[in-house]
Each structure stands twice: as structure tokens, then as C-alpha cells.
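> So that you have it, the file is target-v2.txt, and it contains compact mmCIF, C-alpha atoms:
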# COMPACT_ATOMS: atom_id res chain seq x y z
CA MET Y 178 1.71 -9.92 -16.71
CA LYS Y 179 1.38 -6.74 -14.65
CA LYS Y 180 2.77 -5.99 -11.21
CA LEU Y 181 0.83 -4.17 -8.49
CA ALA Y 182 2.55 -3.15 -5.27
CA LEU Y 183 0.60 -1.83 -2.31
CA LEU Y 184 1.89 0.25 0.59
CA ARG Y 185 -0.36 1.04 3.51
CA HIS Y 186 0.35 4.40 5.14
CA ALA Y 187 2.49 4.29 8.28
CA LYS Y 188 1.20 4.63 11.85
CA SER Y 189 -0.70 7.87 12.33
CA ASP Y 190 -1.13 10.17 15.29
CA TRP Y 191 -4.43 10.07 17.16
CA SER Y 192 -3.45 12.58 19.89
CA ASP Y 193 -5.61 15.43 18.51
CA ALA Y 194 -9.18 14.19 18.88
CA ARG Y 195 -10.46 17.26 17.00
CA ALA Y 196 -8.36 16.69 13.86
CA ARG Y 197 -10.16 15.50 10.75
CA ASP Y 198 -9.23 11.94 9.83
CA PHE Y 199 -7.86 13.17 6.49
CA ASP Y 200 -5.46 15.54 8.29
CA ARG Y 201 -3.91 13.11 10.78
CA PRO Y 202 -0.08 13.11 10.53
CA LEU Y 203 2.30 10.26 11.29
CA ASN Y 204 3.38 9.62 14.85
CA ALA Y 205 7.03 8.99 15.75
CA ARG Y 206 6.73 5.22 15.23
CA GLY Y 207 5.06 5.88 11.89
CA VAL Y 208 7.99 8.03 10.75
CA ARG Y 209 10.40 5.23 11.69
CA GLY Y 210 8.19 2.62 10.00
CA ALA Y 211 7.94 4.63 6.78
CA GLN Y 212 11.71 5.11 6.72
CA ALA Y 213 12.35 1.41 7.35
CA MET Y 214 9.94 0.47 4.57
CA GLY Y 215 11.58 2.97 2.20
CA GLU Y 216 14.96 1.34 2.86
CA TYR Y 217 13.43 -2.09 2.33
CA ILE Y 218 11.74 -1.17 -0.95
CA LYS Y 219 15.02 0.31 -2.17
CA SER Y 220 16.76 -2.99 -1.34
CA THR Y 221 14.28 -4.93 -3.51
CA CYS Y 222 15.38 -2.97 -6.61
CA LEU Y 223 11.74 -2.82 -7.71
CA ARG Y 224 10.90 0.00 -10.09
CA PHE Y 225 7.45 1.46 -10.60
CA ASP Y 226 6.16 2.99 -13.80
CA ARG Y 227 3.42 4.79 -11.86
CA ILE Y 228 2.86 5.71 -8.23
CA ILE Y 229 -0.70 6.59 -7.24
CA ALA Y 230 -1.67 7.64 -3.76
CA SER Y 231 -4.33 8.98 -1.47
CA PRO Y 232 -3.75 12.66 -0.71
CA ALA Y 233 -4.40 12.18 3.03
CA VAL Y 234 -1.70 13.76 5.21
CA ARG Y 235 -0.55 10.44 6.69
CA VAL Y 236 -0.05 9.02 3.18
CA ALA Y 237 1.85 12.09 1.97
CA GLU Y 238 4.10 11.91 5.03
CA THR Y 239 4.63 8.16 4.54
CA ILE Y 240 5.79 8.86 0.97
CA GLU Y 241 8.02 11.72 2.12
CA GLU Y 242 9.73 9.64 4.81
CA ALA Y 243 10.04 6.53 2.64
CA SER Y 244 11.49 8.62 -0.20
CA LYS Y 245 14.12 10.11 2.12
CA ALA Y 246 15.19 6.61 3.15
CA TRP Y 247 15.01 5.42 -0.45
CA GLY Y 248 17.26 8.33 -1.38
CA HIS Y 249 15.05 9.36 -4.27
CA SER Y 250 11.82 11.26 -4.72
CA PHE Y 251 9.24 10.05 -7.17
CA PRO Y 252 6.42 11.70 -9.08
CA VAL Y 253 3.19 10.77 -7.36
CA GLU Y 254 -0.27 10.95 -8.87
CA TRP Y 255 -2.63 11.98 -6.07
CA ASP Y 256 -6.12 10.54 -6.36
CA ARG Y 257 -8.73 11.41 -3.74
CA ARG Y 258 -10.69 8.28 -4.68
CA ILE Y 259 -8.04 6.17 -2.91
CA TYR Y 260 -8.81 7.84 0.43
CA LEU Y 261 -10.76 5.21 2.45
CA ALA Y 262 -11.80 3.52 -0.79
CA SER Y 263 -13.39 0.10 -1.06
CA SER Y 264 -11.72 -2.64 -3.04
CA ALA Y 265 -14.29 -2.14 -5.83
CA THR Y 266 -13.32 1.53 -6.13
CA LEU Y 267 -9.61 0.65 -6.19
CA ILE Y 268 -10.21 -1.94 -8.92
CA ASP Y 269 -12.14 0.64 -10.97
CA LEU Y 270 -9.32 3.14 -10.54
CA LEU Y 271 -6.73 0.58 -11.67
CA ARG Y 272 -8.83 -0.38 -14.69
CA GLU Y 273 -8.76 3.27 -15.77
CA LEU Y 274 -4.95 3.53 -15.81
CA SER Y 275 -3.75 4.96 -19.09
CA GLY Y 276 -0.49 4.21 -20.82
CA GLU Y 277 -0.41 0.56 -19.72
CA PRO Y 278 2.29 0.79 -17.04
CA GLU Y 279 3.86 -2.58 -16.29
CA SER Y 280 4.35 -1.90 -12.60
CA VAL Y 281 2.21 0.29 -10.31
CA LEU Y 282 2.64 1.24 -6.66
CA MET Y 283 -0.58 2.24 -4.88
CA ILE Y 284 -0.30 3.90 -1.47
CA GLY Y 285 -3.41 4.15 0.66
CA HIS Y 286 -5.52 2.85 3.49
CA ASN Y 287 -7.20 -0.15 5.02
CA PRO Y 288 -9.56 -1.86 4.77
CA GLY Y 289 -9.45 -1.11 1.03
CA LEU Y 290 -5.89 -2.32 0.37
CA GLU Y 291 -6.37 -5.50 2.38
CA ASP Y 292 -9.69 -6.20 0.68
CA LEU Y 293 -8.07 -5.58 -2.71
CA ILE Y 294 -5.62 -8.39 -1.97
CA PHE Y 295 -8.49 -10.66 -0.93
CA ASP Y 296 -10.36 -9.87 -4.15
CA LEU Y 297 -7.39 -10.24 -6.51
CA VAL Y 298 -5.65 -13.23 -4.92
CA PRO Y 299 -7.64 -16.47 -4.87
CA ASP Y 300 -8.08 -18.27 -1.57
CA ASP Y 301 -6.90 -21.57 -3.03
CA GLY Y 302 -3.50 -22.05 -1.42
CA SER Y 303 -1.59 -20.72 -4.45
CA SER Y 304 -0.41 -17.65 -2.49
CA PRO Y 305 0.55 -18.66 1.07
CA LEU Y 306 1.20 -15.01 1.97
CA ARG Y 307 -2.53 -14.35 1.60
CA GLU Y 308 -3.00 -16.10 4.95
CA GLU Y 309 -0.65 -13.52 6.53
CA VAL Y 310 -2.89 -10.75 5.19
CA GLU Y 311 -5.91 -12.52 6.71
CA VAL Y 312 -4.23 -12.22 10.13
CA LYS Y 313 -3.42 -8.52 9.69
CA PHE Y 314 -2.19 -6.01 7.12
CA PRO Y 315 -0.62 -3.51 9.51
CA THR Y 316 0.36 0.07 8.86
CA ALA Y 317 3.40 0.58 6.58
CA THR Y 318 3.08 -2.95 5.18
CA PHE Y 319 4.31 -3.43 1.62
CA ALA Y 320 2.92 -6.16 -0.64
CA VAL Y 321 3.55 -7.13 -4.26
CA MET Y 322 1.15 -8.99 -6.54
CA GLU Y 323 1.69 -10.39 -10.00
CA LEU Y 324 -1.46 -10.06 -12.09
CA ALA Y 325 -2.25 -12.41 -14.97
CA ILE Y 326 -3.51 -9.62 -17.24
CA GLU Y 327 -2.19 -7.87 -20.31
CA ARG Y 328 -4.12 -4.64 -19.85
CA TRP Y 329 -5.26 -2.88 -16.68
CA ALA Y 330 -8.76 -2.70 -18.14
CA ASP Y 331 -8.83 -6.52 -17.86
CA LEU Y 332 -8.25 -6.48 -14.09
CA ASP Y 333 -10.65 -8.93 -12.49
CA GLU Y 334 -11.06 -10.82 -9.26
CA ARG Y 335 -8.76 -13.77 -8.64
CA CYS Y 336 -6.24 -12.79 -11.35
CA GLY Y 337 -3.37 -12.22 -8.91
CA LYS Y 338 -0.70 -13.97 -6.95
CA LEU Y 339 0.74 -12.39 -3.81
CA VAL Y 340 4.49 -12.83 -4.28
CA ALA Y 341 5.94 -10.66 -1.50
CA MET Y 342 4.89 -9.00 1.72
CA LYS Y 343 6.93 -7.18 4.35
CA ARG Y 344 5.68 -5.62 7.59
CA PRO Y 345 7.64 -3.01 9.56
CA ARG Y 346 8.07 -5.45 12.47
CA ASP Y 347 9.76 -7.88 10.03
CA LEU Y 348 12.46 -5.22 9.60
CA ASP Y 349 12.66 -4.02 13.21
CA PRO Y 350 10.81 -5.71 16.10
CA ALA Y 351 10.47 -2.30 17.81
CA LEU Y 352 8.10 -1.32 14.97
CA GLY Y 353 5.70 -4.12 15.89
CA PRO Y 354 2.47 -3.84 17.83
CA THR Y 355 2.42 -2.46 21.35
CA LEU Y 356 -0.15 -2.70 24.09
CA ASN Y 357 -1.59 0.63 22.89
CA ASP Y 358 -2.33 -0.65 19.36
Here is the file; what I need is its structure written in the form of C-alpha cells.

Amino acid sequence: MKKLALLRHAKSDWSDARARDFDRPLNARGVRGAQAMGEYIKSTCLRFDRIIASPAVRVAETIEEASKAWGHSFPVEWDRRIYLASSATLIDLLRELSGEPESVLMIGHNPGLEDLIFDLVPDDGSSPLREEVEVKFPTATFAVMELAIERWADLDERCGKLVAMKRPRDLDPALGPTLND
């Protein structure tokens, strides 16, 4: 059994229409959301053998803010392939993991992370949280899947169970959607 946790980057700033998508930073609500999620993840006592992340600015800032709240910085493996990746690309990347870590945290973007959940977790009622993802997987959402595999190379569709999911608005209603979202 392997564990895969996913964290979508926090809310980014769209105020500079000329900025490249890759370079967009977090907005003020995103900073608060990343901090709240960092505190939440700390409270779960989950430990990760590997942390892999998109190098996009909004992801790096999400990690920075979450780490401050967590009270600990972590070594992150930056992988450009995660940036705006499809689920198929994310699965390929996970299959390539060396060293057979038991627990991995991947930090990236939608729609790839959401689609990864849809591909790994069967739509058969065994994971009721999957329906929550179908509604929306908002920014700074954290999800944990248990995967019925012994090796990452064996990762295949429908091998997972979504066992936890927390959105920023679950922690603080002020971090929920606004009319501008």
C-alpha cells in the first residue's frame, strides 16, 4: 500500500494581465489559504518520504507559506513536468519514482490533479469523497489517497481510494469562494 497526497496551489494573483501564467504569485487570500492548509497538514501528523512539485511561482509560494505555518521546511523535488500536466503525465511521473517511497506529496495544478483523482479512484461508491472532487477541487485543497500497489511502477487506473480531503473553506469560511471567483 502506498499513500499519495495532493495539494493544489493556493489562489493566485491575476492583477497583472501581462505576467506569464508560470510567474503568477499568490494573492492575499492565497497566502492565507496556504498558511491554513499548512497548519491543517501539520495537525494530521502525516509524513511524506518525498515531496514533488511544479516549479511555477504560485506553487513555490504555496509551499513557502504552508511550510511557515507547518513550522518546518522540507526538501522539494521540482519537476517542470507537473506544471499544467495531464493526469497521464502525472501517472507517468509517479511510475518513475525511484527508491520506493511509501508516502508522496505532489503539489501542482488543476485540471491535472483533479483528473488524477478521477483516474485513480473508481467511480463505484467506494470513496464518497470522490463526489466532492466532482463538484470542485478548489485552490489550496489537500487530498490523500491510499493506493493498492506495492511499487510505484505498478500505478494504474482505479487502484486508489480517496481517504481524506480538506478545502481551505472547511478550515475558515472566509477562504471560500467569493463573487469574484
> May I have the residues within 12 Å of Val312 (chain Y) as a PDB file with C-alpha atoms, in the frame of the given file, using only C-alpha atoms and disregarding those fewer than 6 positions away in the same chain?

ATOM      1  CA  GLU Y 291      -6.370  -5.500   2.380  1.00  0.00           C
ATOM      2  CA  PHE Y 295      -8.490 -10.660  -0.930  1.00  0.00           C
ATOM      3  CA  LEU Y 306       1.200 -15.010   1.970  1.00  0.00           C
TER       4      LEU Y 306
END
> Here is a test: counting all atoms listed in the file, which residue of Y:Leu297, Y:Leu271, Y:Met342, Y:Ala265 is nearest to Ile229 (chain Y)?
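Counting all atoms listed in the file, the residue closest to Ile229 (chain Y) is Y:Leu271.
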> When you look at Ile240 (chain Y) with a cut-off of 9 Å (counting only C-alpha atoms), what residues show up, excluding the ones that are within fewer than 3 positions of it in the same chain? I need them as a list of chain:residue names.
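Near neighbours after the sequence-gap exclusion: Y:His186, Y:Ala211, Y:Gly215, Y:Ala230, Y:Arg235, Y:Val236, Y:Ala237, Y:Ala243, Y:Ser244, Y:Lys245, Y:Ser250, Y:Phe251, Y:Val253, Y:Ile284.
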> Any idea what the distance is between CA of Met178 (chain Y) and CA of Val321 (chain Y)?
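Spanning CA of Met178 (chain Y) to CA of Val321 (chain Y) is a straight-line distance of 12.9 Å.
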> Identify which of the residues Y:Pro288, Y:Lys179, Y:Met283, Y:Arg209 lies closest to Ala351 (chain Y), counting all atoms listed in the file when measuring atom-to-atom distances.
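Of Y:Pro288, Y:Lys179, Y:Met283, Y:Arg209, the one nearest Ala351 (chain Y), counting all atoms listed in the file, is Y:Arg209.
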> Restricting the calculation to all atoms listed in the file: of Y:Leu339, Y:Arg227, Y:Cys222, Y:Ala182, which residue gets closest to Ser303 (chain Y)?
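Using all atoms listed in the file, the shortest distance to Ser303 (chain Y) belongs to Y:Leu339.
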> How many Å separate CA of Thr318 (chain Y) from CA of Leu184 (chain Y)?
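Interatomic distance, CA of Thr318 (chain Y) to CA of Leu184 (chain Y): 5.7 Å.
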> Closest to Leu261 (chain Y) among Y:Glu311, Y:Asp226, Y:Asp292, Y:Glu242, using all atoms listed in the file?
Y:Asp292
